[in-house]
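Pasted below: input-v4.txt, compact mmCIF, C-alpha atoms (C1' of nucleotides).
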# COMPACT_ATOMS: atom_id res chain seq x y z
CA MET A 1 9.16 22.42 93.32
CA THR A 2 7.78 19.39 95.06
CA THR A 3 8.85 18.06 98.43
CA THR A 4 10.35 15.14 96.61
CA ARG A 5 12.58 17.29 94.44
CA ARG A 6 13.73 19.37 97.40
CA ARG A 7 14.99 16.36 99.35
CA SER A 8 17.45 15.15 96.78
CA ALA A 9 17.90 16.20 93.19
CA GLY A 10 19.89 13.32 91.73
CA SER A 11 18.68 10.22 93.54
CA PRO A 12 15.10 9.19 94.24
CA ALA A 13 13.93 10.75 97.49
CA GLY A 14 12.50 7.44 98.70
CA VAL A 15 15.94 5.88 99.00
CA ALA A 16 17.28 8.60 101.25
CA ARG A 17 14.12 8.51 103.35
CA LYS A 18 14.47 4.77 103.80
CA GLU A 19 17.99 5.31 105.10
CA VAL A 20 16.72 7.80 107.67
CA ILE A 21 14.25 5.20 108.92
CA ILE A 22 16.92 2.51 109.05
CA ARG A 23 19.21 4.73 111.10
CA ALA A 24 16.38 5.68 113.44
CA ALA A 25 15.43 2.04 113.85
CA ALA A 26 19.00 1.03 114.68
CA LYS A 27 19.09 3.59 117.46
CA VAL A 28 15.68 2.80 118.90
CA PHE A 29 15.99 -0.99 118.73
CA ALA A 30 19.45 -0.86 120.31
CA GLN A 31 18.28 1.40 123.11
CA ASN A 32 15.07 -0.33 124.14
CA GLY A 33 15.33 -3.81 122.70
CA PHE A 34 13.45 -5.02 119.65
CA SER A 35 10.38 -6.39 121.41
CA VAL A 36 9.93 -3.42 123.71
CA ALA A 37 10.60 -0.70 121.15
CA THR A 38 7.52 0.20 119.14
CA VAL A 39 7.11 1.25 115.53
CA ARG A 40 5.89 4.56 116.97
CA ASP A 41 9.26 5.03 118.68
CA VAL A 42 11.00 4.45 115.36
CA ALA A 43 8.66 6.84 113.57
CA ASP A 44 9.24 9.53 116.23
CA GLU A 45 13.00 9.20 115.82
CA ALA A 46 12.63 9.47 112.03
CA ASP A 47 10.27 12.47 112.33
CA MET A 48 7.27 10.84 110.78
CA LEU A 49 4.12 9.05 111.87
CA SER A 50 4.02 5.31 112.39
CA GLY A 51 1.61 4.68 109.53
CA SER A 52 4.06 6.18 107.06
CA LEU A 53 6.71 3.57 107.84
CA TYR A 54 4.55 0.97 106.14
CA TYR A 55 5.02 2.69 102.82
CA TYR A 56 8.68 1.59 102.98
CA PHE A 57 8.52 -1.59 105.03
CA ASP A 58 6.11 -4.50 105.32
CA SER A 59 6.50 -5.02 109.05
CA LYS A 60 8.51 -4.25 112.17
CA GLU A 61 10.48 -7.44 111.55
CA SER A 62 11.46 -6.41 108.03
CA ILE A 63 12.81 -3.11 109.39
CA VAL A 64 15.19 -4.75 111.82
CA GLU A 65 16.26 -7.27 109.20
CA GLN A 66 17.18 -4.47 106.79
CA VAL A 67 19.07 -2.69 109.58
CA LEU A 68 21.19 -5.75 110.28
CA VAL A 69 21.69 -6.92 106.70
CA GLU A 70 23.16 -3.53 105.87
CA TYR A 71 25.53 -3.85 108.84
CA PHE A 72 26.63 -7.36 107.91
CA ASP A 73 27.48 -6.36 104.36
CA THR A 74 29.66 -3.54 105.65
CA GLN A 75 31.32 -5.75 108.25
CA ILE A 76 32.13 -8.54 105.82
CA ARG A 77 33.99 -6.04 103.64
CA ALA A 78 35.82 -4.70 106.71
CA TYR A 79 36.99 -8.20 107.63
CA GLU A 80 38.20 -8.94 104.11
CA GLN A 81 40.09 -5.68 104.05
CA ALA A 82 41.67 -6.50 107.42
CA LEU A 83 42.95 -9.79 106.06
CA ASP A 84 44.50 -8.16 102.99
CA GLY A 85 48.23 -7.68 103.34
CA ALA A 86 48.65 -9.73 106.50
CA GLN A 87 51.90 -11.63 106.82
CA ASP A 88 51.03 -15.00 108.32
CA ALA A 89 48.02 -16.73 109.83
CA ALA A 90 48.72 -15.54 113.38
CA ASP A 91 48.86 -11.98 112.09
CA ARG A 92 45.58 -12.49 110.23
CA LEU A 93 43.89 -13.77 113.39
CA GLU A 94 45.16 -10.80 115.35
CA ARG A 95 43.73 -8.46 112.72
CA LEU A 96 40.35 -10.16 112.91
CA VAL A 97 40.30 -9.73 116.68
CA ALA A 98 41.23 -6.06 116.35
CA GLU A 99 38.60 -5.45 113.68
CA ALA A 100 35.91 -7.20 115.73
CA LEU A 101 36.77 -5.03 118.72
CA ARG A 102 36.77 -1.86 116.66
CA SER A 103 33.31 -2.71 115.36
CA THR A 104 31.98 -2.59 118.92
CA VAL A 105 32.57 1.15 118.66
CA THR A 106 31.79 1.83 115.00
CA HIS A 107 28.68 -0.36 114.93
CA ARG A 108 27.68 -0.38 118.55
CA GLU A 109 23.94 -0.22 117.88
CA HIS A 110 23.88 -3.08 115.41
CA LEU A 111 25.88 -5.35 117.69
CA LEU A 112 23.65 -4.54 120.64
CA ILE A 113 20.60 -5.54 118.64
CA LEU A 114 22.28 -8.72 117.43
CA GLN A 115 23.23 -9.78 120.94
CA ASN A 116 20.18 -8.65 122.88
CA ASP A 117 17.63 -9.84 120.37
CA TRP A 118 19.42 -12.79 118.82
CA GLN A 119 16.43 -15.01 119.58
CA TYR A 120 14.28 -12.97 117.20
CA VAL A 121 16.73 -11.79 114.56
CA GLY A 122 19.02 -14.81 114.42
CA PRO A 123 16.67 -17.00 112.36
CA MET A 124 15.94 -14.33 109.73
CA ALA A 125 17.00 -15.52 106.28
CA GLY A 126 19.25 -12.60 105.37
CA ILE A 127 21.03 -12.89 108.71
CA VAL A 128 21.62 -16.64 108.96
CA GLU A 129 23.37 -16.53 105.61
CA ARG A 130 25.70 -13.60 106.34
CA GLN A 131 26.46 -14.80 109.86
CA SER A 132 27.72 -18.10 108.48
CA GLN A 133 29.84 -16.25 105.91
CA ILE A 134 31.65 -14.44 108.72
CA GLU A 135 32.07 -17.62 110.72
CA LYS A 136 33.67 -19.34 107.72
CA LEU A 137 36.12 -16.48 107.32
CA TRP A 138 37.27 -16.83 110.95
CA LEU A 139 37.42 -20.62 110.82
CA ARG A 140 39.49 -20.57 107.63
CA THR A 141 41.97 -18.18 109.22
CA ILE A 142 42.27 -20.23 112.41
CA GLN A 143 42.60 -23.54 110.57
CA GLU A 144 45.39 -22.11 108.43
CA GLY A 145 47.14 -21.00 111.61
CA ILE A 146 46.93 -24.50 113.02
CA ASP A 147 48.15 -26.06 109.76
CA GLU A 148 51.07 -23.65 109.57
CA GLY A 149 52.06 -24.56 113.13
CA ALA A 150 51.54 -21.05 114.42
CA LEU A 151 48.50 -22.00 116.51
CA ARG A 152 48.26 -24.88 118.97
CA SER A 153 47.04 -28.11 117.44
CA ASP A 154 45.47 -29.64 120.54
CA ILE A 155 42.31 -27.57 120.25
CA ASP A 156 39.57 -27.68 117.62
CA ALA A 157 39.40 -24.60 115.37
CA ARG A 158 35.72 -24.06 116.06
CA MET A 159 36.25 -24.17 119.83
CA MET A 160 39.04 -21.62 119.48
CA TYR A 161 36.78 -19.43 117.37
CA ARG A 162 33.96 -19.57 119.89
CA THR A 163 36.18 -18.86 122.87
CA ILE A 164 37.85 -15.90 121.19
CA LEU A 165 34.65 -14.43 119.80
CA GLY A 166 32.89 -14.82 123.13
CA ALA A 167 35.53 -12.77 124.88
CA VAL A 168 35.55 -10.16 122.13
CA GLN A 169 31.81 -9.74 121.64
CA THR A 170 30.93 -9.19 125.29
CA VAL A 171 33.22 -6.18 125.40
CA ILE A 172 30.25 -4.18 124.16
CA ARG A 173 28.46 -4.82 127.47
CA TRP A 174 30.98 -2.90 129.56
CA PHE A 175 33.06 -0.76 127.20
CA ASP A 176 32.19 2.92 127.35
CA PRO A 177 33.37 4.83 124.26
CA ARG A 178 33.49 7.99 126.36
CA GLY A 179 35.25 6.35 129.30
CA ARG A 180 38.90 6.50 130.32
CA VAL A 181 39.92 3.23 128.66
CA THR A 182 40.33 3.47 124.87
CA ILE A 183 39.39 0.73 122.45
CA ASP A 184 43.04 0.42 121.46
CA GLU A 185 43.91 -0.48 125.03
CA VAL A 186 41.20 -3.14 125.00
CA ILE A 187 42.60 -4.47 121.74
CA ALA A 188 46.07 -4.64 123.29
CA VAL A 189 44.82 -6.53 126.34
CA GLN A 190 42.59 -8.99 124.52
CA THR A 191 45.01 -9.82 121.73
CA ALA A 192 47.66 -10.38 124.43
CA ILE A 193 45.52 -12.79 126.43
CA LEU A 194 43.77 -14.55 123.59
CA LEU A 195 46.66 -14.83 121.12
CA ASP A 196 49.01 -16.03 123.88
CA GLY A 197 46.33 -18.55 124.78
CA VAL A 198 46.00 -20.06 121.33
CA ARG A 199 49.56 -19.70 120.07
CA SER A 200 51.64 -22.82 119.59
CA PRO A 201 54.13 -23.45 122.43
CA ASP A 202 57.59 -23.13 120.89
CA MET B 1 -9.59 -32.23 154.21
CA THR B 2 -8.93 -28.94 152.48
CA THR B 3 -6.84 -28.43 149.38
CA THR B 4 -4.33 -26.61 151.52
CA ARG B 5 -3.87 -29.50 153.97
CA ARG B 6 -3.50 -32.01 151.16
CA ARG B 7 -0.59 -30.18 149.53
CA SER B 8 1.70 -30.17 152.52
CA ALA B 9 1.04 -31.01 156.12
CA GLY B 10 4.02 -29.46 157.91
CA SER B 11 4.87 -26.33 155.97
CA PRO B 12 2.48 -23.71 154.68
CA ALA B 13 1.13 -24.70 151.31
CA GLY B 14 1.80 -21.22 149.92
CA VAL B 15 5.56 -21.66 150.09
CA ALA B 16 5.63 -24.78 147.94
CA ARG B 17 3.23 -23.19 145.47
CA LYS B 18 5.45 -20.16 145.15
CA GLU B 19 8.35 -22.45 144.23
CA VAL B 20 6.27 -24.05 141.48
CA ILE B 21 5.58 -20.62 140.03
CA ILE B 22 9.24 -19.63 140.23
CA ARG B 23 10.31 -22.77 138.39
CA ALA B 24 7.64 -22.25 135.76
CA ALA B 25 8.69 -18.64 135.31
CA ALA B 26 12.36 -19.59 134.89
CA LYS B 27 11.43 -21.96 132.08
CA VAL B 28 9.03 -19.61 130.30
CA PHE B 29 11.18 -16.49 130.59
CA ALA B 30 14.27 -18.38 129.37
CA GLN B 31 12.41 -19.85 126.43
CA ASN B 32 10.61 -16.79 125.09
CA GLY B 33 12.44 -13.85 126.61
CA PHE B 34 11.11 -11.77 129.47
CA SER B 35 9.33 -9.11 127.42
CA VAL B 36 7.70 -11.54 125.03
CA ALA B 37 6.65 -14.12 127.61
CA THR B 38 3.35 -13.28 129.27
CA VAL B 39 2.10 -13.85 132.78
CA ARG B 40 -0.48 -16.11 131.17
CA ASP B 41 2.35 -18.28 129.80
CA VAL B 42 3.83 -18.55 133.28
CA ALA B 43 0.44 -19.39 134.78
CA ASP B 44 -0.15 -22.11 132.15
CA GLU B 45 3.21 -23.69 132.95
CA ALA B 46 2.37 -23.58 136.68
CA ASP B 47 -1.13 -25.03 136.07
CA MET B 48 -3.03 -22.05 137.33
CA LEU B 49 -4.74 -18.98 135.95
CA SER B 50 -2.90 -15.71 135.49
CA GLY B 51 -4.96 -13.86 138.08
CA SER B 52 -3.86 -16.29 140.77
CA LEU B 53 -0.21 -15.39 140.32
CA TYR B 54 -0.93 -11.99 141.83
CA TYR B 55 -1.74 -13.59 145.14
CA TYR B 56 1.97 -14.48 145.41
CA PHE B 57 3.65 -11.71 143.41
CA ASP B 58 3.06 -8.01 142.91
CA SER B 59 4.04 -7.89 139.24
CA LYS B 60 5.69 -9.68 136.35
CA GLU B 61 8.93 -7.89 137.26
CA SER B 62 8.88 -9.14 140.83
CA ILE B 63 8.54 -12.72 139.57
CA VAL B 64 11.66 -12.58 137.44
CA GLU B 65 13.57 -10.84 140.22
CA GLN B 66 12.72 -13.65 142.64
CA VAL B 67 13.73 -16.23 140.04
CA LEU B 68 17.16 -14.68 139.65
CA VAL B 69 17.81 -13.79 143.29
CA GLU B 70 17.29 -17.42 144.18
CA TYR B 71 19.79 -18.42 141.50
CA PHE B 72 22.41 -15.91 142.63
CA ASP B 73 22.27 -17.09 146.22
CA THR B 74 22.86 -20.65 145.10
CA GLN B 75 25.67 -19.66 142.75
CA ILE B 76 27.51 -17.56 145.33
CA ARG B 77 27.62 -20.59 147.62
CA ALA B 78 28.86 -22.76 144.73
CA TYR B 79 31.71 -20.33 144.02
CA GLU B 80 32.76 -20.18 147.68
CA GLN B 81 32.77 -23.95 147.85
CA ALA B 82 34.87 -24.12 144.67
CA LEU B 83 37.49 -21.87 146.25
CA ASP B 84 37.69 -23.98 149.40
CA GLY B 85 40.70 -26.26 149.44
CA ALA B 86 42.40 -24.76 146.40
CA GLN B 87 46.20 -24.73 146.49
CA ASP B 88 47.28 -21.42 144.98
CA ALA B 89 45.70 -18.46 143.22
CA ALA B 90 46.08 -19.95 139.73
CA ASP B 91 44.30 -23.06 140.93
CA ARG B 92 41.53 -20.96 142.46
CA LEU B 93 41.03 -19.10 139.18
CA GLU B 94 40.86 -22.35 137.28
CA ARG B 95 38.20 -23.60 139.68
CA LEU B 96 36.14 -20.45 139.19
CA VAL B 97 36.27 -20.90 135.42
CA ALA B 98 35.22 -24.54 135.75
CA GLU B 99 32.37 -23.69 138.12
CA ALA B 100 31.13 -20.90 135.84
CA LEU B 101 31.11 -23.29 132.90
CA ARG B 102 29.32 -26.00 134.86
CA SER B 103 26.63 -23.50 135.81
CA THR B 104 25.78 -23.04 132.12
CA VAL B 105 24.41 -26.58 132.35
CA THR B 106 23.02 -26.67 135.88
CA HIS B 107 21.43 -23.22 135.70
CA ARG B 108 20.94 -22.82 132.00
CA GLU B 109 17.57 -21.09 132.27
CA HIS B 110 18.69 -18.49 134.77
CA LEU B 111 21.78 -17.60 132.77
CA LEU B 112 19.76 -17.30 129.57
CA ILE B 113 17.43 -14.84 131.27
CA LEU B 114 20.33 -12.88 132.73
CA GLN B 115 22.05 -12.57 129.36
CA ASN B 116 19.06 -12.10 127.07
CA ASP B 117 17.19 -9.70 129.30
CA TRP B 118 20.04 -7.98 131.11
CA GLN B 119 18.66 -4.59 130.09
CA TYR B 120 15.55 -5.21 132.17
CA VAL B 121 16.78 -7.36 135.05
CA GLY B 122 20.26 -5.87 135.50
CA PRO B 123 19.12 -2.74 137.33
CA MET B 124 16.88 -4.59 139.83
CA ALA B 125 18.03 -3.98 143.40
CA GLY B 126 18.40 -7.60 144.47
CA ILE B 127 20.42 -8.36 141.37
CA VAL B 128 22.83 -5.41 141.27
CA GLU B 129 23.93 -6.28 144.78
CA ARG B 130 24.53 -9.99 144.24
CA GLN B 131 26.16 -9.46 140.86
CA SER B 132 28.74 -7.18 142.44
CA GLN B 133 29.37 -9.73 145.18
CA ILE B 134 30.33 -12.31 142.55
CA GLU B 135 32.49 -9.81 140.68
CA LYS B 136 34.40 -9.03 143.88
CA LEU B 137 35.03 -12.71 144.47
CA TRP B 138 36.57 -13.09 140.99
CA LEU B 139 38.58 -9.88 141.23
CA ARG B 140 40.01 -10.85 144.63
CA THR B 141 41.13 -14.20 143.26
CA ILE B 142 42.74 -12.68 140.16
CA GLN B 143 44.47 -9.91 142.10
CA GLU B 144 45.94 -12.46 144.50
CA GLY B 145 47.24 -14.39 141.49
CA ILE B 146 48.94 -11.28 140.16
CA ASP B 147 50.41 -10.45 143.56
CA GLU B 148 51.72 -14.00 144.00
CA GLY B 149 53.38 -13.76 140.59
CA ALA B 150 51.34 -16.61 139.15
CA LEU B 151 49.39 -14.34 136.77
CA ARG B 152 50.88 -11.79 134.38
CA SER B 153 51.26 -8.32 135.87
CA ASP B 154 50.99 -6.29 132.64
CA ILE B 155 47.21 -6.53 132.55
CA ASP B 156 44.64 -5.00 134.88
CA ALA B 157 42.75 -7.53 137.04
CA ARG B 158 39.37 -6.18 135.95
CA MET B 159 40.27 -6.46 132.26
CA MET B 160 41.38 -10.03 132.82
CA TYR B 161 38.13 -10.77 134.63
CA ARG B 162 36.03 -9.32 131.84
CA THR B 163 37.90 -11.12 129.08
CA ILE B 164 37.69 -14.47 130.84
CA LEU B 165 34.07 -14.12 131.84
CA GLY B 166 33.08 -12.99 128.36
CA ALA B 167 34.54 -16.14 126.84
CA VAL B 168 32.97 -18.34 129.50
CA GLN B 169 29.49 -16.83 129.58
CA THR B 170 28.83 -16.97 125.86
CA VAL B 171 29.32 -20.74 125.90
CA ILE B 172 25.63 -20.97 126.77
CA ARG B 173 24.77 -19.62 123.32
CA TRP B 174 26.19 -22.59 121.45
CA PHE B 175 26.68 -25.41 123.95
CA ASP B 176 24.12 -28.18 123.62
CA PRO B 177 23.87 -30.34 126.77
CA ARG B 178 22.64 -33.22 124.61
CA GLY B 179 25.26 -32.73 121.91
CA ARG B 180 28.43 -34.72 121.28
CA VAL B 181 30.76 -32.33 123.11
CA THR B 182 30.61 -32.62 126.91
CA ILE B 183 30.90 -29.71 129.30
CA ASP B 184 34.12 -31.22 130.69
CA GLU B 185 35.67 -30.96 127.23
CA VAL B 186 34.65 -27.31 127.05
CA ILE B 187 36.18 -26.76 130.49
CA ALA B 188 39.41 -28.38 129.31
CA VAL B 189 39.59 -26.19 126.19
CA GLN B 190 38.71 -22.92 127.84
CA THR B 191 40.91 -23.32 130.89
CA ALA B 192 43.73 -24.22 128.51
CA ILE B 193 43.31 -21.12 126.35
CA LEU B 194 42.37 -18.64 129.05
CA LEU B 195 44.75 -19.76 131.78
CA ASP B 196 47.64 -19.96 129.32
CA GLY B 197 46.69 -16.47 128.22
CA VAL B 198 46.79 -14.91 131.66
CA ARG B 199 49.55 -16.96 133.28
CA SER B 200 52.81 -15.27 134.07
CA PRO B 201 55.58 -16.06 131.52
CA ASP B 202 58.24 -18.03 133.41
C1' DG C 1 4.52 10.06 100.16
C1' DT C 2 2.51 11.37 104.34
C1' DC C 3 -1.24 12.03 106.91
C1' DT C 4 -5.68 10.85 110.08
C1' DA C 5 -8.28 7.54 112.02
C1' DT C 6 -9.16 3.22 113.48
C1' DA C 7 -9.64 -1.85 113.27
C1' DG C 8 -8.26 -5.79 115.73
C1' DT C 9 -5.63 -7.92 119.15
C1' DC C 10 -3.54 -8.82 123.39
C1' DA C 11 -1.01 -7.33 127.33
C1' DG C 12 -0.68 -6.57 132.82
C1' DA C 13 -3.33 -6.05 136.51
C1' DT C 14 -7.61 -5.89 139.62
C1' DA C 15 -12.32 -6.92 141.89
C1' DG C 16 -15.08 -9.90 143.87
C1' DA C 17 -17.41 -14.61 143.87
C1' DC C 18 -16.53 -18.98 145.78
C1' DG D 1 -6.08 -19.61 147.56
C1' DT D 2 -7.99 -19.92 143.12
C1' DC D 3 -11.30 -18.77 140.14
C1' DT D 4 -14.20 -15.74 136.54
C1' DA D 5 -14.64 -11.65 134.44
C1' DT D 6 -13.11 -7.52 132.96
C1' DC D 7 -10.86 -2.86 132.79
C1' DT D 8 -7.55 0.00 130.73
C1' DG D 9 -4.07 0.80 127.84
C1' DA D 10 -0.87 -0.12 124.14
C1' DC D 11 0.51 -2.47 120.27
C1' DT D 12 0.94 -3.64 114.86
C1' DA D 13 -1.01 -2.88 110.80
C1' DT D 14 -4.43 -1.07 107.40
C1' DA D 15 -7.75 2.06 104.74
C1' DG D 16 -8.48 5.96 102.60
C1' DA D 17 -8.20 11.19 102.49
C1' DC D 18 -5.09 14.60 100.87

Just give me the structure of the file as structure tokens.
Amino acid sequence: MTTTRRRSAGSPAGVARKEVIIRAAAKVFAQNGFSVATVRDVADEADMLSGSLYYYFDSKESIVEQVLVEYFDTQIRAYEQALDGAQDAADRLERLVAEALRSTVTHREHLLILQNDWQYVGPMAGIVERQSQIEKLWLRTIQEGIDEGALRSDIDARMMYRTILGAVQTVIRWFDPRGRVTIDEVIAVQTAILLDGVRSPD
Amino acid sequence: MTTTRRRSAGSPAGVARKEVIIRAAAKVFAQNGFSVATVRDVADEADMLSGSLYYYFDSKESIVEQVLVEYFDTQIRAYEQALDGAQDAADRLERLVAEALRSTVTHREHLLILQNDWQYVGPMAGIVERQSQIEKLWLRTIQEGIDEGALRSDIDARMMYRTILGAVQTVIRWFDPRGRVTIDEVIAVQTAILLDGVRSPD
DNA sequence: GTCTATAGTCAGATAGAC
DNA sequence: GTCTATCTGACTATAGAC
């Protein structure tokens, strides 16, 4: 019985091992920042030595890219699911806001990396592409809301998108998952302020 | 005639030189990020050699702290001036939002450092203190608005503050001072959305 | 696959000449 | 005050044993 066989019978052991590294990297990069965290820190967290990481990844950069690409692919599905079964455009926008806020808890580490190290990870090919996919999904929803008359027509859809997302994304900088305020309370507050702010005056 | 005398007759030459370094550091740290930028980069930008910086500063950390403390002291005065002569609490809040947005143009570099490298600069003594001073100023204004009945009373002042500031602060990530959209247009859009969102329903 | 060992580079900071 | 020169340590990445 080899070490390989013991780790996982059905699937190749390398795949599972790669996942362990990716999870370790998410934690370490989120905690210390991408440029300050070292590949040794990641290796420690994954219970291996730094040299061994290079069997799975070409570079430190390729590790963080994999970490974030995996997150984006999950998040895009979450957004699409949130839109399914919504009544009207205003309802769809509210669901996007709620989902974005929930992700600050469920994917805290990935969002911290994205925000803190945007300068380094933003230009990576796999990220540019997925980021724009998410932006399109929001813009489509907002534009439909404007066209339907549910959202105010005096403000550009992209400006609305940026204002809303700015408010939502920075929640991660102060929200404490173990604090007294729950994420559902934050969702209630922010949807109240932001949706009231962009709704069409009747 | 010594080099010292030539630089400035009345005031000590060292003071002016220190300002040159601080300006160079603001530019370099904003451009590359604090952890990636090197003291050699700062020295290059200030037209000196890296060793010479240590005549004026104890460490790389102390340079960035000075850079930001200087900014905060300017910004606190700007906020107080913005509040002067305002009619009511809603007007005062609108002026704070406008001033915060204007600062993303006038103090772009400092705000980029604060946001990108908050993990490293946030805990510094001189910054914690001034940051909380600014927060108090916002919270006081918002609470007065709630008490006067101008702002909605179903939402906590601190939650309002955080939602508004989140939207405002992230403008720096997409706003291009040389682009087609002016900062006054951004002010118009954001005050419209955010003030409408927090105003009391009549 | 994971290890040991190390090459190669560059960082922050200091000492002492001028 | 600013320079030259350098120390010490830490980093990413690689080579080759096992």

Nearby residues (all atoms listed in the file) at most 8 Å from segment 14-25 of chain A, same-chain spacing under 5 positions excluded, as number ranges by chain: A: 8, 42-43, 45-46, 53, 56, 63-64, 66-67

Residue hits in chain A, query chain C, radius 8 Å, all atoms listed in the file, as a VMD selection string: chain A and resid 49 52 55

For chain D, the nearest of the candidates A:Leu68, A:Ala37, A:Val189, A:Ala26, counting only C-alpha atoms (C1' of nucleotides): A:Ala37

Surrounding residues of segment 105-110 of chain A excluding itself and chain neighbours under 4 positions, 7 Å, all atoms listed in the file, as a list of chain:residue names: A:Ala26, A:Lys27, A:Ala30, A:Leu68, A:Tyr71, A:Leu114, A:Pro177

Nearest to chain A by atom-to-atom distance, counting all atoms listed in the file, from B:Ile113, B:Ile127, B:Val198, B:Ile183: B:Val198

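Contact shell of Met159 of chain A at 10 Å (all atoms listed in the file; same-chain neighbours under 5 positions omitted): Leu139, Ile164 and Leu165 of chain A; Val171, Val186, Val189 and Gln190 of chain B.
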
Distance-based interface of chain D with chain A, 9 Å, counting only C-alpha atoms (C1' of nucleotides), as a VMD selection string: chain D and resid 11 to 14

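You will find atom CA of Tyr79 of chain A at 11.3 Å from atom CA of Thr141 of chain A.
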
Per-residue nearest contacts chain A to chain B, cut-off 7 Å, using only C-alpha atoms, as CSV:
residue,atom,partner,partner_atom,distance
A:Ser35,CA,B:Ser35,CA,6.7
A:Val36,CA,B:Ser35,CA,6.8
A:Asn116,CA,B:Asn116,CA,5.5
A:Ile155,CA,B:Val189,CA,6.7
A:Thr163,CA,B:Ala167,CA,5.1
A:Ile164,CA,B:Ala167,CA,6.6
A:Gly166,CA,B:Ala167,CA,4.3
A:Ala167,CA,B:Ala167,CA,4.0
A:Thr170,CA,B:Gly166,CA,5.3
A:Val189,CA,B:Ile155,CA,6.7
A:Gln190,CA,B:Thr163,CA,6.9
A:Ile193,CA,B:Gly197,CA,4.3
A:Leu194,CA,B:Gly197,CA,5.8
A:Asp196,CA,B:Gly197,CA,4.9
A:Gly197,CA,B:Gly197,CA,4.0
A:Val198,CA,B:Ile193,CA,5.8

Coords for chain C, C-alpha atoms (C1' of nucleotides), as a PDB file, in the first residue's frame:
ATOM      1  C1'  DG C   1       5.625  12.911  -4.776  1.00  0.00           C
ATOM      2  C1'  DT C   2       8.332  14.729  -1.223  1.00  0.00           C
ATOM      3  C1'  DC C   3      12.473  15.657   0.530  1.00  0.00           C
ATOM      4  C1'  DT C   4      17.370  18.212   1.298  1.00  0.00           C
ATOM      5  C1'  DA C   5      20.234  21.581  -0.073  1.00  0.00           C
ATOM      6  C1'  DT C   6      21.309  25.522  -2.290  1.00  0.00           C
ATOM      7  C1'  DA C   7      21.697  28.844  -6.134  1.00  0.00           C
ATOM      8  C1'  DG C   8      20.721  33.493  -7.105  1.00  0.00           C
ATOM      9  C1'  DT C   9      18.689  37.706  -5.965  1.00  0.00           C
ATOM     10  C1'  DC C  10      17.346  41.575  -3.450  1.00  0.00           C
ATOM     11  C1'  DA C  11      15.544  43.630   0.632  1.00  0.00           C
ATOM     12  C1'  DG C  12      16.159  47.030   4.973  1.00  0.00           C
ATOM     13  C1'  DA C  13      19.399  48.982   7.544  1.00  0.00           C
ATOM     14  C1'  DT C  14      24.148  50.577   9.251  1.00  0.00           C
ATOM     15  C1'  DA C  15      29.168  52.357   9.477  1.00  0.00           C
ATOM     16  C1'  DG C  16      32.197  55.510   8.345  1.00  0.00           C
ATOM     17  C1'  DA C  17      34.452  58.517   4.667  1.00  0.00           C
ATOM     18  C1'  DC C  18      33.861  63.013   2.942  1.00  0.00           C
TER      19       DC C  18
END
